[in-house]
>>> print(open('start.csv').read())   # CSV, C-alpha atoms
chain,number,residue,atom,x,y,z
N,1,MET,CA,-8.7,23.5,-12.4
N,2,GLN,CA,-8.3,26.8,-10.4
N,3,ASP,CA,-12.0,27.4,-10.6
N,4,ILE,CA,-12.7,23.9,-9.1
N,5,ARG,CA,-10.1,24.5,-6.3
N,6,THR,CA,-11.7,27.9,-5.6
N,7,LEU,CA,-15.0,26.3,-5.1
N,8,LEU,CA,-13.7,23.5,-2.9
N,9,ASN,CA,-11.9,26.1,-0.7
N,10,LYS,CA,-15.4,27.2,0.4
N,11,TYR,CA,-16.1,23.8,1.9
N,12,PRO,CA,-13.5,22.9,4.6
N,13,GLY,CA,-12.6,19.3,4.8
N,14,THR,CA,-13.0,18.6,1.1
N,15,VAL,CA,-10.1,17.3,-1.0
N,16,LEU,CA,-9.4,17.5,-4.7
N,17,LEU,CA,-7.5,14.4,-5.8
N,18,GLY,CA,-6.4,13.9,-9.3
N,19,GLU,CA,-5.4,10.6,-11.0
N,20,ILE,CA,-2.4,11.4,-13.1
N,21,SER,CA,-1.2,9.3,-16.1
N,22,SER,CA,1.3,10.9,-18.4
N,23,GLU,CA,4.7,10.3,-20.0
N,24,ASP,CA,6.3,11.7,-16.8
N,25,SER,CA,3.5,11.3,-14.2
N,26,LEU,CA,5.8,12.3,-11.3
N,27,ALA,CA,6.6,15.6,-12.9
N,28,THR,CA,2.9,16.2,-13.7
N,29,MET,CA,1.9,15.3,-10.1
N,30,ALA,CA,4.4,17.9,-8.8
N,31,GLN,CA,3.2,20.5,-11.2
N,32,TYR,CA,-0.5,20.1,-10.4
N,33,THR,CA,-0.2,19.9,-6.6
N,34,GLN,CA,1.9,23.0,-6.1
N,35,GLY,CA,0.9,26.6,-5.7
N,36,GLY,CA,-2.2,26.0,-3.6
N,37,ASP,CA,-4.6,26.7,-6.5
N,38,LYS,CA,-4.9,23.3,-8.2
N,39,LEU,CA,-5.0,19.7,-6.8
N,40,HIS,CA,-4.6,19.0,-3.1
N,41,MET,CA,-3.1,15.6,-4.0
N,42,GLY,CA,-2.0,13.7,-7.0
N,43,TYR,CA,-2.3,10.0,-7.5
N,44,SER,CA,0.0,8.2,-10.1
N,45,PHE,CA,0.6,4.7,-11.3
N,46,GLU,CA,4.3,4.6,-10.5
N,47,LEU,CA,4.0,2.0,-7.7
N,48,LEU,CA,1.5,-0.2,-9.6
N,49,THR,CA,4.3,-1.9,-11.5
N,50,ASN,CA,5.8,-5.3,-11.4
N,51,ASP,CA,9.1,-4.0,-10.0
N,52,TYR,CA,9.2,-4.7,-6.3
N,53,SER,CA,12.8,-3.9,-5.6
N,54,SER,CA,13.8,-1.6,-2.8
N,55,GLU,CA,15.8,0.4,-5.3
N,56,TYR,CA,12.8,1.1,-7.5
N,57,ILE,CA,10.5,2.1,-4.6
N,58,ARG,CA,13.2,4.3,-3.2
N,59,THR,CA,14.1,6.0,-6.5
N,60,THR,CA,10.4,6.5,-7.4
N,61,VAL,CA,9.6,8.2,-4.1
N,62,GLN,CA,12.8,10.2,-4.0
N,63,THR,CA,12.2,11.5,-7.5
N,64,LEU,CA,8.8,12.8,-6.6
N,65,GLU,CA,10.1,14.3,-3.4
N,66,GLN,CA,12.8,16.2,-5.3
N,67,ARG,CA,10.2,17.7,-7.7
N,68,MET,CA,7.3,18.2,-5.3
N,69,THR,CA,8.5,21.1,-3.1
N,70,GLU,CA,5.0,22.2,-1.9
N,71,GLY,CA,2.5,19.5,-2.9
N,72,TRP,CA,1.2,16.4,-1.1
N,73,PRO,CA,1.4,12.9,-2.7
N,74,CYS,CA,-1.0,10.0,-2.6
N,75,TRP,CA,0.4,6.5,-3.0
N,76,ALA,CA,-1.2,3.2,-3.9
N,77,PHE,CA,0.0,-0.4,-4.6
N,78,SER,CA,-3.3,-1.6,-6.2
N,79,ASN,CA,-6.3,-0.4,-8.2
N,80,HIS,CA,-9.0,-1.6,-10.5
N,81,ASP,CA,-6.7,-1.7,-13.6
N,82,VAL,CA,-3.7,-3.8,-12.3
N,83,GLU,CA,-3.2,-7.2,-10.8
N,84,ARG,CA,-3.7,-7.1,-7.0
N,85,VAL,CA,-0.5,-6.4,-5.2
N,86,ALA,CA,-0.8,-9.6,-3.0
N,87,SER,CA,-0.4,-11.6,-6.3
N,88,ARG,CA,1.7,-9.1,-8.3
N,89,TRP,CA,4.5,-8.8,-5.7
N,90,SER,CA,4.2,-12.4,-4.4
N,91,GLU,CA,7.0,-14.9,-4.7
N,92,ASN,CA,6.2,-17.8,-7.0
N,93,GLY,CA,2.6,-16.7,-7.1
N,94,GLU,CA,2.0,-17.8,-3.5
N,95,ILE,CA,0.3,-15.1,-1.4
N,96,ASN,CA,2.0,-14.6,2.0
N,97,PRO,CA,0.0,-13.1,4.8
N,98,GLN,CA,3.1,-11.7,6.5
N,99,GLN,CA,4.0,-9.9,3.2
N,100,CYS,CA,0.5,-8.4,3.0
N,101,LYS,CA,0.9,-7.0,6.5
N,102,MET,CA,4.3,-5.6,5.8
N,103,LEU,CA,3.1,-4.0,2.5
N,104,THR,CA,0.3,-2.2,4.4
N,105,ALA,CA,2.8,-0.8,6.8
N,106,LEU,CA,5.2,0.3,4.1
N,107,LEU,CA,2.5,2.0,2.0
N,108,ALA,CA,1.2,3.8,5.1
N,109,SER,CA,4.7,4.9,6.2
N,110,LEU,CA,5.5,6.8,3.0
N,111,ARG,CA,5.0,10.6,3.1
N,112,GLY,CA,1.6,11.4,1.8
N,113,SER,CA,-1.9,10.0,1.9
N,114,VAL,CA,-2.8,6.4,1.0
N,115,CYS,CA,-5.3,4.9,-1.4
N,116,MET,CA,-6.1,1.3,-0.2
N,117,TYR,CA,-7.9,-0.7,-2.9
N,118,GLN,CA,-10.9,-2.7,-1.7
N,119,GLY,CA,-9.8,-6.1,-0.4
N,120,GLU,CA,-6.2,-5.0,0.0
N,121,GLU,CA,-6.8,-4.9,3.8
N,122,LEU,CA,-7.9,-8.6,3.6
N,123,GLY,CA,-4.9,-9.7,1.6
N,124,LEU,CA,-7.0,-10.7,-1.4
N,125,GLY,CA,-5.1,-12.0,-4.4
N,126,GLU,CA,-6.0,-11.8,-8.0
N,127,ALA,CA,-9.3,-13.7,-8.5
N,128,SER,CA,-9.6,-16.5,-11.1
N,129,VAL,CA,-12.5,-15.6,-13.3
N,130,ALA,CA,-13.8,-18.1,-15.9
N,131,PHE,CA,-14.1,-17.0,-19.5
N,132,GLU,CA,-17.9,-17.2,-19.5
N,133,ASP,CA,-18.0,-14.8,-16.5
N,134,LEU,CA,-15.7,-12.1,-18.0
N,135,GLN,CA,-17.0,-8.6,-18.4
N,136,ASP,CA,-13.8,-6.7,-19.4
N,137,PRO,CA,-13.7,-6.3,-23.2
N,138,TYR,CA,-9.9,-6.6,-23.2
N,139,GLY,CA,-10.0,-9.9,-21.4
N,140,ILE,CA,-12.7,-11.3,-23.7
N,141,THR,CA,-10.7,-10.2,-26.8
N,142,PHE,CA,-7.3,-11.3,-25.8
N,143,TRP,CA,-8.1,-14.5,-23.7
N,144,PRO,CA,-6.1,-16.5,-22.7
N,145,ASN,CA,-2.9,-14.5,-23.4
N,146,PHE,CA,-4.4,-11.6,-21.4
N,147,LYS,CA,-7.2,-12.4,-19.0
N,148,GLY,CA,-8.2,-8.7,-18.6
N,149,ARG,CA,-8.8,-6.8,-15.4
N,150,ASP,CA,-11.8,-8.6,-14.0
N,151,GLY,CA,-9.5,-10.5,-11.6
N,152,CYS,CA,-9.0,-7.4,-9.5
N,153,ARG,CA,-12.6,-6.2,-9.8
N,154,THR,CA,-14.5,-9.1,-8.1
N,155,PRO,CA,-16.8,-8.3,-5.1
N,156,MET,CA,-15.6,-7.6,-1.6
N,157,PRO,CA,-16.3,-10.7,0.6
N,158,TRP,CA,-18.1,-9.5,3.7
N,159,GLU,CA,-19.8,-12.4,5.5
N,160,GLN,CA,-19.2,-16.1,6.1
N,161,ALA,CA,-18.2,-18.3,3.3
N,162,ASP,CA,-21.6,-19.9,3.0
N,163,SER,CA,-23.5,-16.6,2.7
N,164,PRO,CA,-24.9,-15.8,-0.7
N,165,HIS,CA,-22.1,-14.0,-2.7
N,166,ALA,CA,-20.2,-13.7,0.6
N,167,GLY,CA,-22.5,-11.0,1.8
N,168,PHE,CA,-21.8,-8.6,-1.1
N,169,SER,CA,-25.4,-8.7,-2.4
N,170,ASP,CA,-28.6,-10.8,-2.4
N,171,VAL,CA,-28.6,-11.0,-6.2
N,172,LYS,CA,-26.0,-12.2,-8.8
N,173,PRO,CA,-23.2,-9.6,-8.9
N,174,TRP,CA,-21.5,-8.2,-12.0
N,175,LEU,CA,-18.6,-10.6,-11.3
N,176,PRO,CA,-18.6,-13.7,-9.2
N,177,VAL,CA,-16.9,-13.9,-5.8
N,178,ASP,CA,-13.8,-16.0,-6.0
N,179,ASP,CA,-14.0,-19.1,-3.9
N,180,ALA,CA,-10.6,-18.4,-2.3
N,181,HIS,CA,-11.8,-14.9,-1.3
N,182,LYS,CA,-14.7,-16.4,0.6
N,183,GLN,CA,-12.2,-17.8,3.1
N,184,GLN,CA,-10.8,-14.3,3.7
N,185,SER,CA,-14.0,-12.4,4.3
N,186,VAL,CA,-14.3,-9.5,6.7
N,187,ALA,CA,-16.4,-11.6,9.1
N,188,MET,CA,-14.0,-14.5,9.2
N,189,GLN,CA,-10.9,-12.3,9.6
N,190,THR,CA,-12.5,-10.1,12.3
N,191,ASN,CA,-12.6,-13.1,14.7
N,192,ASP,CA,-9.0,-14.0,14.0
N,193,SER,CA,-6.6,-11.9,16.1
N,194,HIS,CA,-3.7,-12.8,13.7
N,195,SER,CA,-5.5,-12.0,10.5
N,196,ILE,CA,-4.3,-9.5,7.9
N,197,LEU,CA,-7.4,-7.4,8.5
N,198,ASN,CA,-6.7,-7.1,12.2
N,199,ALA,CA,-3.0,-6.3,11.5
N,200,TYR,CA,-4.2,-3.6,9.1
N,201,ARG,CA,-6.6,-2.1,11.8
N,202,GLU,CA,-3.8,-2.3,14.4
N,203,PHE,CA,-1.3,-0.5,12.2
N,204,MET,CA,-3.6,2.2,11.0
N,205,ALA,CA,-4.7,3.0,14.6
N,206,TRP,CA,-1.0,3.2,15.6
N,207,ARG,CA,-0.1,5.3,12.6
N,208,LYS,CA,-2.9,7.7,13.6
N,209,SER,CA,-1.1,8.3,16.9
N,210,GLN,CA,2.2,9.0,15.3
N,211,THR,CA,2.3,12.6,14.1
N,212,VAL,CA,5.7,12.1,12.5
N,213,LEU,CA,4.2,9.5,10.1
N,214,LEU,CA,1.2,11.6,9.3
N,215,GLU,CA,3.0,14.9,8.6
N,216,GLY,CA,6.7,14.4,8.6
N,217,ASP,CA,9.3,14.6,5.9
N,218,ILE,CA,10.9,11.5,4.4
N,219,GLU,CA,14.6,10.8,3.9
N,220,PHE,CA,15.8,7.5,2.4
N,221,ILE,CA,18.8,5.6,3.6
N,222,GLU,CA,20.9,3.7,1.0
N,223,THR,CA,20.5,0.0,1.8
N,224,PRO,CA,21.2,-3.2,-0.1
N,225,GLU,CA,18.4,-5.4,-1.5
N,226,PRO,CA,16.0,-6.5,-0.2
N,227,VAL,CA,16.0,-3.8,2.6
N,228,LEU,CA,14.1,-0.5,2.2
N,229,ALA,CA,14.8,2.1,4.9
N,230,PHE,CA,14.0,5.7,5.6
N,231,TYR,CA,13.6,8.3,8.3
N,232,ARG,CA,10.4,10.3,8.9
N,233,THR,CA,11.1,13.6,10.6
N,234,LEU,CA,9.0,16.4,12.1
N,235,GLY,CA,10.8,19.0,14.1
N,236,PRO,CA,12.7,17.2,16.8
N,237,GLN,CA,10.8,13.9,16.1
N,238,LYS,CA,12.7,11.3,14.1
N,239,MET,CA,11.5,7.8,13.3
N,240,LEU,CA,13.5,5.1,11.6
N,241,CYS,CA,11.4,2.8,9.4
N,242,ILE,CA,13.0,-0.4,7.9
N,243,PHE,CA,11.4,-3.1,5.8
N,244,ASN,CA,12.5,-6.5,4.6
N,245,LEU,CA,10.9,-7.1,1.2
N,246,SER,CA,12.0,-10.7,0.9
N,247,SER,CA,11.0,-14.1,2.3
N,248,GLN,CA,14.5,-14.6,3.8
N,249,GLN,CA,15.8,-13.3,7.1
N,250,THR,CA,18.3,-10.5,6.6
N,251,SER,CA,20.7,-8.4,8.7
N,252,ILE,CA,22.0,-4.8,8.3
N,253,ASP,CA,24.0,-2.4,10.3
N,254,THR,CA,21.8,0.1,12.1
N,255,PRO,CA,22.3,3.6,10.5
N,256,THR,CA,21.7,5.6,13.7
N,257,THR,CA,21.4,5.4,17.5
N,258,ILE,CA,18.1,3.8,18.5
N,259,VAL,CA,16.3,5.5,21.4
N,260,LYS,CA,13.2,3.3,21.5
N,261,GLU,CA,11.8,0.4,19.5
N,262,TYR,CA,8.1,0.3,18.8
N,263,ASN,CA,7.6,-3.4,19.7
N,264,GLU,CA,3.8,-3.1,20.2
N,265,LEU,CA,3.3,-3.8,16.5
N,266,SER,CA,2.5,-7.4,15.7
N,267,HIS,CA,4.5,-7.4,12.5
N,268,HIS,CA,7.5,-5.6,14.1
N,269,CYS,CA,9.7,-8.7,13.8
N,270,ALA,CA,13.3,-7.7,14.2
N,271,LYS,CA,16.1,-8.2,16.7
N,272,LEU,CA,18.6,-5.5,17.6
N,273,SER,CA,21.9,-6.6,18.9
N,274,GLN,CA,24.5,-3.8,19.4
N,275,ASP,CA,24.7,-2.2,16.0
N,276,THR,CA,23.2,-5.1,14.0
N,277,LEU,CA,19.5,-5.4,13.1
N,278,THR,CA,18.2,-8.8,12.1
N,279,ILE,CA,14.8,-8.6,10.3
N,280,GLU,CA,12.6,-11.6,9.9
N,281,PRO,CA,11.1,-12.4,6.4
N,282,PHE,CA,8.5,-9.8,5.2
N,283,ALA,CA,8.9,-7.9,8.5
N,284,CYS,CA,9.3,-4.3,9.5
N,285,PHE,CA,11.1,-2.3,12.2
N,286,TYR,CA,10.2,1.1,13.7
N,287,ALA,CA,12.3,3.0,16.2
N,288,LYS,CA,12.6,6.4,17.7
N,289,CYS,CA,16.0,8.0,17.0
>>> encode(input="start.csv", output="structure tokens")
Amino acid sequence: MQDIRTLLNKYPGTVLLGEISSEDSLATMAQYTQGGDKLHMGYSFELLTNDYSSEYIRTTVQTLEQRMTEGWPCWAFSNHDVERVASRWSENGEINPQQCKMLTALLASLRGSVCMYQGEELGLGEASVAFEDLQDPYGITFWPNFKGRDGCRTPMPWEQADSPHAGFSDVKPWLPVDDAHKQQSVAMQTNDSHSILNAYREFMAWRKSQTVLLEGDIEFIETPEPVLAFYRTLGPQKMLCIFNLSSQQTSIDTPTTIVKEYNELSHHCAKLSQDTLTIEPFACFYAKC
């Protein structure tokens, strides 16, 4: 590992990212990202679970922060081995565009870098793949009790719904494009100002302008379910980030004095009245403290 890092140090701008799966992956991530002679970043499976509670997310990130004194984390909500987050964390199996927008903001507001899985920026749910189209050996073997991992591995839909394979290729791909995904293609969402894709682009552009989100420390605030809240701090800069993880409107007492709300975000759907913050379903709130 040290030899690889030494080599990469000769090429500015390169990053050594390790996928970490172990009995205690957070401890291993901390171990292999500290000291400046191994990984630049570690990527674990801790947020690829079915547990969507604010307590679980808070505890998971806090645990890593306590152990990782020097390193830099990398977070993800989806990958090629688990059900897509739009389906996995949905309520009653119904994909909610507002939830998809909020999850993008949440993931990109944690301290660290982000791995966005292909189609996550479109809000793609788990694809329905017919048995005869399966490629995953696990799905073929254990069908129908376990349908395998092909549902998260289907092609990215790029063009209009009537384009061959939604613009992914001119020939039959390894897996078919899900019919539902064809209605969520990049081309179709680009022309919709309220789409998940445009909300993703909007938030990422805003995030890029906020140094405190890119480089700052993170400090969680104890909040009841379904609210997740934390500060991001960098020197004198301090930003409050609050997320409603549920489909119900919720209210909490503001934990600090608000200097400025960042109302320019389209999914910043919250109302501050004196010391009470009311957050709309699957919405987020950002403020300068």
>>> closest_residue(input="start.csv", among="N:Asp37, N:Asp150, N:Asp24, N:Asp51", to="Leu7 (chain N)", atoms="only C-alpha atoms")
N:Asp37
>>> closest_residue(input="start.csv", among="N:Gln160, N:Gln184, N:Gln99, N:Asn145", to="Gln248 (chain N)", atoms="all atoms listed in the file")
N:Gln99
>>> residues_around(input="start.csv", residues="Ser195 (chain N)", least_positions_apart="2", cutoff="12 Å", atoms="all atoms listed in the file", output="PyMOL selection string")
chain N and resi 96-98+100-101+121-123+183-193+197-202+266-267
>>> write_last_selection(input="start.csv", atoms="C-alpha atoms", output="PDB file, in the frame of the given file")
ATOM      1  CA  ASN N  96       2.000 -14.600   2.000  1.00  0.00           C
ATOM      2  CA  PRO N  97       0.000 -13.100   4.800  1.00  0.00           C
ATOM      3  CA  GLN N  98       3.100 -11.700   6.500  1.00  0.00           C
ATOM      4  CA  CYS N 100       0.500  -8.400   3.000  1.00  0.00           C
ATOM      5  CA  LYS N 101       0.900  -7.000   6.500  1.00  0.00           C
ATOM      6  CA  GLU N 121      -6.800  -4.900   3.800  1.00  0.00           C
ATOM      7  CA  LEU N 122      -7.900  -8.600   3.600  1.00  0.00           C
ATOM      8  CA  GLY N 123      -4.900  -9.700   1.600  1.00  0.00           C
ATOM      9  CA  GLN N 183     -12.200 -17.800   3.100  1.00  0.00           C
ATOM     10  CA  GLN N 184     -10.800 -14.300   3.700  1.00  0.00           C
ATOM     11  CA  SER N 185     -14.000 -12.400   4.300  1.00  0.00           C
ATOM     12  CA  VAL N 186     -14.300  -9.500   6.700  1.00  0.00           C
ATOM     13  CA  ALA N 187     -16.400 -11.600   9.100  1.00  0.00           C
ATOM     14  CA  MET N 188     -14.000 -14.500   9.200  1.00  0.00           C
ATOM     15  CA  GLN N 189     -10.900 -12.300   9.600  1.00  0.00           C
ATOM     16  CA  THR N 190     -12.500 -10.100  12.300  1.00  0.00           C
ATOM     17  CA  ASN N 191     -12.600 -13.100  14.700  1.00  0.00           C
ATOM     18  CA  ASP N 192      -9.000 -14.000  14.000  1.00  0.00           C
ATOM     19  CA  SER N 193      -6.600 -11.900  16.100  1.00  0.00           C
ATOM     20  CA  LEU N 197      -7.400  -7.400   8.500  1.00  0.00           C
ATOM     21  CA  ASN N 198      -6.700  -7.100  12.200  1.00  0.00           C
ATOM     22  CA  ALA N 199      -3.000  -6.300  11.500  1.00  0.00           C
ATOM     23  CA  TYR N 200      -4.200  -3.600   9.100  1.00  0.00           C
ATOM     24  CA  ARG N 201      -6.600  -2.100  11.800  1.00  0.00           C
ATOM     25  CA  GLU N 202      -3.800  -2.300  14.400  1.00  0.00           C
ATOM     26  CA  SER N 266       2.500  -7.400  15.700  1.00  0.00           C
ATOM     27  CA  HIS N 267       4.500  -7.400  12.500  1.00  0.00           C
TER      28      HIS N 267
END
>>> residues_around(input="start.csv", residues="Leu134 (chain N)", least_positions_apart="6", cutoff="12 Å", atoms="all atoms listed in the file", output="list in words")
Ala127, Ser128, Ile140, Thr141, Phe142, Trp143, Pro144, Phe146, Lys147, Gly148, Arg149, Asp150, Gly151, Cys152, Arg153, Thr154, Trp174, Leu175 and Pro176 of chain N
>>> closest_residue(input="start.csv", among="N:Ser109, N:Ser273, N:Asn50, N:Gln210", to="Cys241 (chain N)", atoms="all atoms listed in the file")
N:Ser109
>>> residues_near_point(input="start.csv", point="(9.5, -2.1, -2.9)", cutoff="9 Å", atoms="only C-alpha atoms", output="PyMOL selection string")
chain N and resi 47+51-58+89+103+106+226-228+243+245
>>> residues_around(input="start.csv", residues="Phe285 (chain N)", least_positions_apart="3", cutoff="8 Å", atoms="all atoms listed in the file", output="tab-separated table (two decimals) with C-alpha atoms, in the frame of the given file")
chain	number	residue	atom	x	y	z
N	240	LEU	CA	13.50	5.10	11.60
N	241	CYS	CA	11.40	2.80	9.40
N	242	ILE	CA	13.00	-0.40	7.90
N	243	PHE	CA	11.40	-3.10	5.80
N	261	GLU	CA	11.80	0.40	19.50
N	262	TYR	CA	8.10	0.30	18.80
N	268	HIS	CA	7.50	-5.60	14.10
N	269	CYS	CA	9.70	-8.70	13.80
N	270	ALA	CA	13.30	-7.70	14.20
N	279	ILE	CA	14.80	-8.60	10.30
>>> residues_near_point(input="start.csv", point="(-18.5, -24.3, 1.2)", cutoff="9 Å", atoms="all atoms listed in the file", output="list in words")
Ala161, Asp162, Asp179 and Lys182 of chain N
>>> closest_residue(input="start.csv", among="N:Pro236, N:Pro155, N:Gly93, N:Gly42", to="Gly71 (chain N)", atoms="all atoms listed in the file")
N:Gly42
>>> closest_residue(input="start.csv", among="N:Ser44, N:Asn263, N:Thr211, N:Ser251", to="Glu23 (chain N)", atoms="only C-alpha atoms")
N:Ser44
>>> residues_around(input="start.csv", residues="Lys238 (chain N)", least_positions_apart="4", cutoff="12 Å", atoms="all atoms listed in the file", output="list of chain:residue names")
N:Gln210, N:Thr211, N:Val212, N:Leu213, N:Glu215, N:Gly216, N:Asp217, N:Ile218, N:Glu219, N:Phe230, N:Tyr231, N:Arg232, N:Thr233, N:Leu234, N:Thr256, N:Thr257, N:Ile258, N:Val259, N:Lys260, N:Tyr286, N:Ala287, N:Lys288, N:Cys289
>>> residues_around(input="start.csv", residues="Phe45 (chain N)", least_positions_apart="6", cutoff="10 Å", atoms="only C-alpha atoms", output="PyMOL selection string")
chain N and resi 19-22+25-26+75-79+81-82
>>> closest_residue(input="start.csv", among="N:Pro73, N:Gly112, N:Gly235, N:Pro173", to="Gly18 (chain N)", atoms="only C-alpha atoms")
N:Pro73
>>> atom_distance(input="start.csv", atom1="CA of Ala229 (chain N)", atom2="CA of Leu265 (chain N)")
17.4 Å
>>> atom_distance(input="start.csv", atom1="CA of Met29 (chain N)", atom2="CA of Met41 (chain N)")
7.9 Å
>>> decode(input="start.csv", residues="region 155-168 of chain N", atoms="N, CA and C atoms", output="PDB file, in the first residue's frame")
ATOM      1  N   PRO N 155     -28.835  -0.479 -17.623  1.00  0.00           N
ATOM      2  CA  PRO N 155     -28.188   0.670 -18.278  1.00  0.00           C
ATOM      3  C   PRO N 155     -28.751   2.028 -17.883  1.00  0.00           C
ATOM      4  N   MET N 156     -27.891   3.011 -17.983  1.00  0.00           N
ATOM      5  CA  MET N 156     -28.258   4.409 -17.754  1.00  0.00           C
ATOM      6  C   MET N 156     -29.101   4.896 -18.935  1.00  0.00           C
ATOM      7  N   PRO N 157     -30.279   5.454 -18.694  1.00  0.00           N
ATOM      8  CA  PRO N 157     -31.097   5.984 -19.793  1.00  0.00           C
ATOM      9  C   PRO N 157     -30.673   7.413 -20.159  1.00  0.00           C
ATOM     10  N   TRP N 158     -30.207   7.596 -21.371  1.00  0.00           N
ATOM     11  CA  TRP N 158     -29.672   8.894 -21.777  1.00  0.00           C
ATOM     12  C   TRP N 158     -30.642   9.709 -22.625  1.00  0.00           C
ATOM     13  N   GLU N 159     -31.270   9.064 -23.598  1.00  0.00           N
ATOM     14  CA  GLU N 159     -32.048   9.817 -24.578  1.00  0.00           C
ATOM     15  C   GLU N 159     -33.552   9.623 -24.387  1.00  0.00           C
ATOM     16  N   GLN N 160     -34.326  10.086 -25.360  1.00  0.00           N
ATOM     17  CA  GLN N 160     -35.777  10.008 -25.269  1.00  0.00           C
ATOM     18  C   GLN N 160     -36.243   8.559 -25.146  1.00  0.00           C
ATOM     19  N   ALA N 161     -37.435   8.381 -24.613  1.00  0.00           N
ATOM     20  CA  ALA N 161     -37.945   7.042 -24.314  1.00  0.00           C
ATOM     21  C   ALA N 161     -38.032   6.155 -25.548  1.00  0.00           C
ATOM     22  N   ASP N 162     -38.257   6.759 -26.734  1.00  0.00           N
ATOM     23  CA  ASP N 162     -38.389   5.945 -27.940  1.00  0.00           C
ATOM     24  C   ASP N 162     -37.061   5.667 -28.633  1.00  0.00           C
ATOM     25  N   SER N 163     -35.948   6.133 -28.060  1.00  0.00           N
ATOM     26  CA  SER N 163     -34.625   5.847 -28.621  1.00  0.00           C
ATOM     27  C   SER N 163     -34.246   4.404 -28.313  1.00  0.00           C
ATOM     28  N   PRO N 164     -33.522   3.739 -29.230  1.00  0.00           N
ATOM     29  CA  PRO N 164     -33.098   2.358 -28.955  1.00  0.00           C
ATOM     30  C   PRO N 164     -32.311   2.280 -27.648  1.00  0.00           C
ATOM     31  N   HIS N 165     -32.798   1.445 -26.745  1.00  0.00           N
ATOM     32  CA  HIS N 165     -32.131   1.228 -25.446  1.00  0.00           C
ATOM     33  C   HIS N 165     -31.894   2.555 -24.706  1.00  0.00           C
ATOM     34  N   ALA N 166     -32.810   3.502 -24.923  1.00  0.00           N
ATOM     35  CA  ALA N 166     -32.759   4.813 -24.260  1.00  0.00           C
ATOM     36  C   ALA N 166     -31.431   5.530 -24.473  1.00  0.00           C
ATOM     37  N   GLY N 167     -30.798   5.256 -25.628  1.00  0.00           N
ATOM     38  CA  GLY N 167     -29.553   5.936 -25.961  1.00  0.00           C
ATOM     39  C   GLY N 167     -28.315   5.347 -25.333  1.00  0.00           C
ATOM     40  N   PHE N 168     -28.464   4.252 -24.588  1.00  0.00           N
ATOM     41  CA  PHE N 168     -27.301   3.651 -23.936  1.00  0.00           C
ATOM     42  C   PHE N 168     -26.368   3.003 -24.960  1.00  0.00           C
TER      43      PHE N 168
END
